[in-house]
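A.B. asks: Handing you a structure now.
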Amino acid sequence: MARSNAELKEMDLAALVEELRATKQEAHNLRFRNATGQLDNNAEIRKVKRQIARINTHIRAREIALAEAQGKAGH
């Protein structure tokens, strides 16, 4: 997980979707460990949730850019 914003910006859409899947799995594992009392650092959950939001933002920005490019090409 732990990719910087610059690294996410350079990734293609398929890689971002795969990173999102892996990060969501990590969040699930952290929530499970928290529920069973095995998680030592609760701040990890917050970090992973923010990383998911960052990835979603990059994916959405790509979708908007693609839609704008298709809109301009159609004119």
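Identifiers in this document derive from the order of the structure tokens: chains are assigned A, B, ..., residues are numbered from 1 separately in each chain, and ligands are numbered from 1 in order of occurrence.
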Compile the contact shell of Ala6 in chain A as a count of residues only: residues with an atom at most 12 Å away, counting only C-alpha atoms, same-chain residues fewer than 5 positions apart removed.

C.D. replies: 4

A.B. asks: As a list in words, please: the residues near Ala43 in chain A (cut-off 12 Å, only C-alpha atoms, same-chain neighbours under 3 positions excluded).

C.D. replies: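 These residues fall inside the cut-off: Ala27, Leu30, Arg31, Asn34, Leu39, Asp40, Arg46, Lys47, Val48, Lys49 and Arg50 of chain A.
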
A.B. asks: Set the distance at 12 Å and use only C-alpha atoms: which residues neighbour Val17 in chain A once local chain neighbours fewer than 4 positions away are removed? I'd like the list as an mmCIF file with N, CA, C and O atoms, in the first residue's frame.

C.D. replies:
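Listed below is the output, part-v6.cif:
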```
data_model
loop_
_atom_site.group_PDB
_atom_site.id
_atom_site.type_symbol
_atom_site.label_atom_id
_atom_site.label_comp_id
_atom_site.auth_asym_id
_atom_site.auth_seq_id
_atom_site.Cartn_x
_atom_site.Cartn_y
_atom_site.Cartn_z
ATOM 1 N N LEU A 8 0.975 7.513 -7.277
ATOM 2 C CA LEU A 8 -0.390 7.245 -7.735
ATOM 3 C C LEU A 8 -0.691 8.019 -9.010
ATOM 4 O O LEU A 8 -1.359 7.512 -9.911
ATOM 5 N N MET A 11 0.513 6.204 -12.144
ATOM 6 C CA MET A 11 -0.039 4.885 -12.453
ATOM 7 C C MET A 11 -1.158 4.995 -13.490
ATOM 8 O O MET A 11 -1.860 5.997 -13.556
ATOM 9 N N ASP A 12 -1.306 3.933 -14.293
ATOM 10 C CA ASP A 12 -2.416 3.914 -15.247
ATOM 11 C C ASP A 12 -3.689 3.461 -14.528
ATOM 12 O O ASP A 12 -3.649 3.050 -13.375
ATOM 13 N N LEU A 13 -4.799 3.535 -15.220
ATOM 14 C CA LEU A 13 -6.097 3.273 -14.602
ATOM 15 C C LEU A 13 -6.205 1.843 -14.072
ATOM 16 O O LEU A 13 -6.697 1.625 -12.964
ATOM 17 N N ARG A 21 -8.161 -2.210 -4.976
ATOM 18 C CA ARG A 21 -8.605 -3.511 -4.492
ATOM 19 C C ARG A 21 -7.718 -3.996 -3.344
ATOM 20 O O ARG A 21 -8.203 -4.440 -2.310
ATOM 21 N N ALA A 22 -6.412 -3.875 -3.520
ATOM 22 C CA ALA A 22 -5.469 -4.330 -2.491
ATOM 23 C C ALA A 22 -5.595 -3.497 -1.217
ATOM 24 O O ALA A 22 -5.536 -4.039 -0.103
ATOM 25 N N THR A 23 -5.794 -2.206 -1.367
ATOM 26 C CA THR A 23 -5.905 -1.326 -0.203
ATOM 27 C C THR A 23 -7.199 -1.586 0.552
ATOM 28 O O THR A 23 -7.230 -1.570 1.781
ATOM 29 N N LYS A 24 -8.281 -1.859 -0.181
ATOM 30 C CA LYS A 24 -9.548 -2.198 0.481
ATOM 31 C C LYS A 24 -9.419 -3.517 1.245
ATOM 32 O O LYS A 24 -9.978 -3.663 2.336
ATOM 33 N N ILE A 52 -7.358 5.009 0.497
ATOM 34 C CA ILE A 52 -8.461 4.609 -0.378
ATOM 35 C C ILE A 52 -9.087 5.856 -1.011
ATOM 36 O O ILE A 52 -9.364 5.880 -2.210
ATOM 37 N N ARG A 54 -7.613 8.736 -1.560
ATOM 38 C CA ARG A 54 -6.666 9.272 -2.540
ATOM 39 C C ARG A 54 -6.746 8.510 -3.860
ATOM 40 O O ARG A 54 -6.766 9.114 -4.939
ATOM 41 N N ILE A 55 -6.794 7.195 -3.766
ATOM 42 C CA ILE A 55 -6.856 6.372 -4.976
ATOM 43 C C ILE A 55 -8.151 6.650 -5.728
ATOM 44 O O ILE A 55 -8.150 6.820 -6.948
ATOM 45 N N ASN A 56 -9.272 6.717 -5.008
ATOM 46 C CA ASN A 56 -10.558 7.019 -5.641
ATOM 47 C C ASN A 56 -10.534 8.379 -6.324
ATOM 48 O O ASN A 56 -11.115 8.556 -7.399
ATOM 49 N N THR A 57 -9.864 9.349 -5.708
ATOM 50 C CA THR A 57 -9.755 10.685 -6.304
ATOM 51 C C THR A 57 -8.995 10.623 -7.616
ATOM 52 O O THR A 57 -9.396 11.237 -8.611
ATOM 53 N N HIS A 58 -7.896 9.887 -7.658
ATOM 54 C CA HIS A 58 -7.113 9.764 -8.888
ATOM 55 C C HIS A 58 -7.909 9.037 -9.975
ATOM 56 O O HIS A 58 -7.869 9.431 -11.144
ATOM 57 N N ILE A 59 -8.627 7.996 -9.592
ATOM 58 C CA ILE A 59 -9.444 7.267 -10.568
ATOM 59 C C ILE A 59 -10.509 8.195 -11.140
ATOM 60 O O ILE A 59 -10.719 8.246 -12.352
ATOM 61 N N ARG A 60 -11.176 8.949 -10.292
ATOM 62 C CA ARG A 60 -12.232 9.856 -10.755
ATOM 63 C C ARG A 60 -11.660 10.946 -11.652
ATOM 64 O O ARG A 60 -12.267 11.316 -12.660
ATOM 65 N N ARG A 62 -9.120 10.695 -13.597
ATOM 66 C CA ARG A 62 -8.862 10.065 -14.902
ATOM 67 C C ARG A 62 -10.157 9.916 -15.694
ATOM 68 O O ARG A 62 -10.192 10.136 -16.896
#
```

A.B. asks: Could you please determine the separation between CA of Leu20 in chain A and CA of Asn42 in chain A in Å, to one decimal place?

C.D. replies: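 Taking CA of Leu20 in chain A as the start and CA of Asn42 in chain A as the end point, the length is 20.5 Å.
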
A.B. asks: Do you have the CA of Arg3 in chain A-CA of Ala15 in chain A distance handy?

C.D. replies: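 Computed distance, CA of Arg3 in chain A to CA of Ala15 in chain A, equals 12.1 Å.
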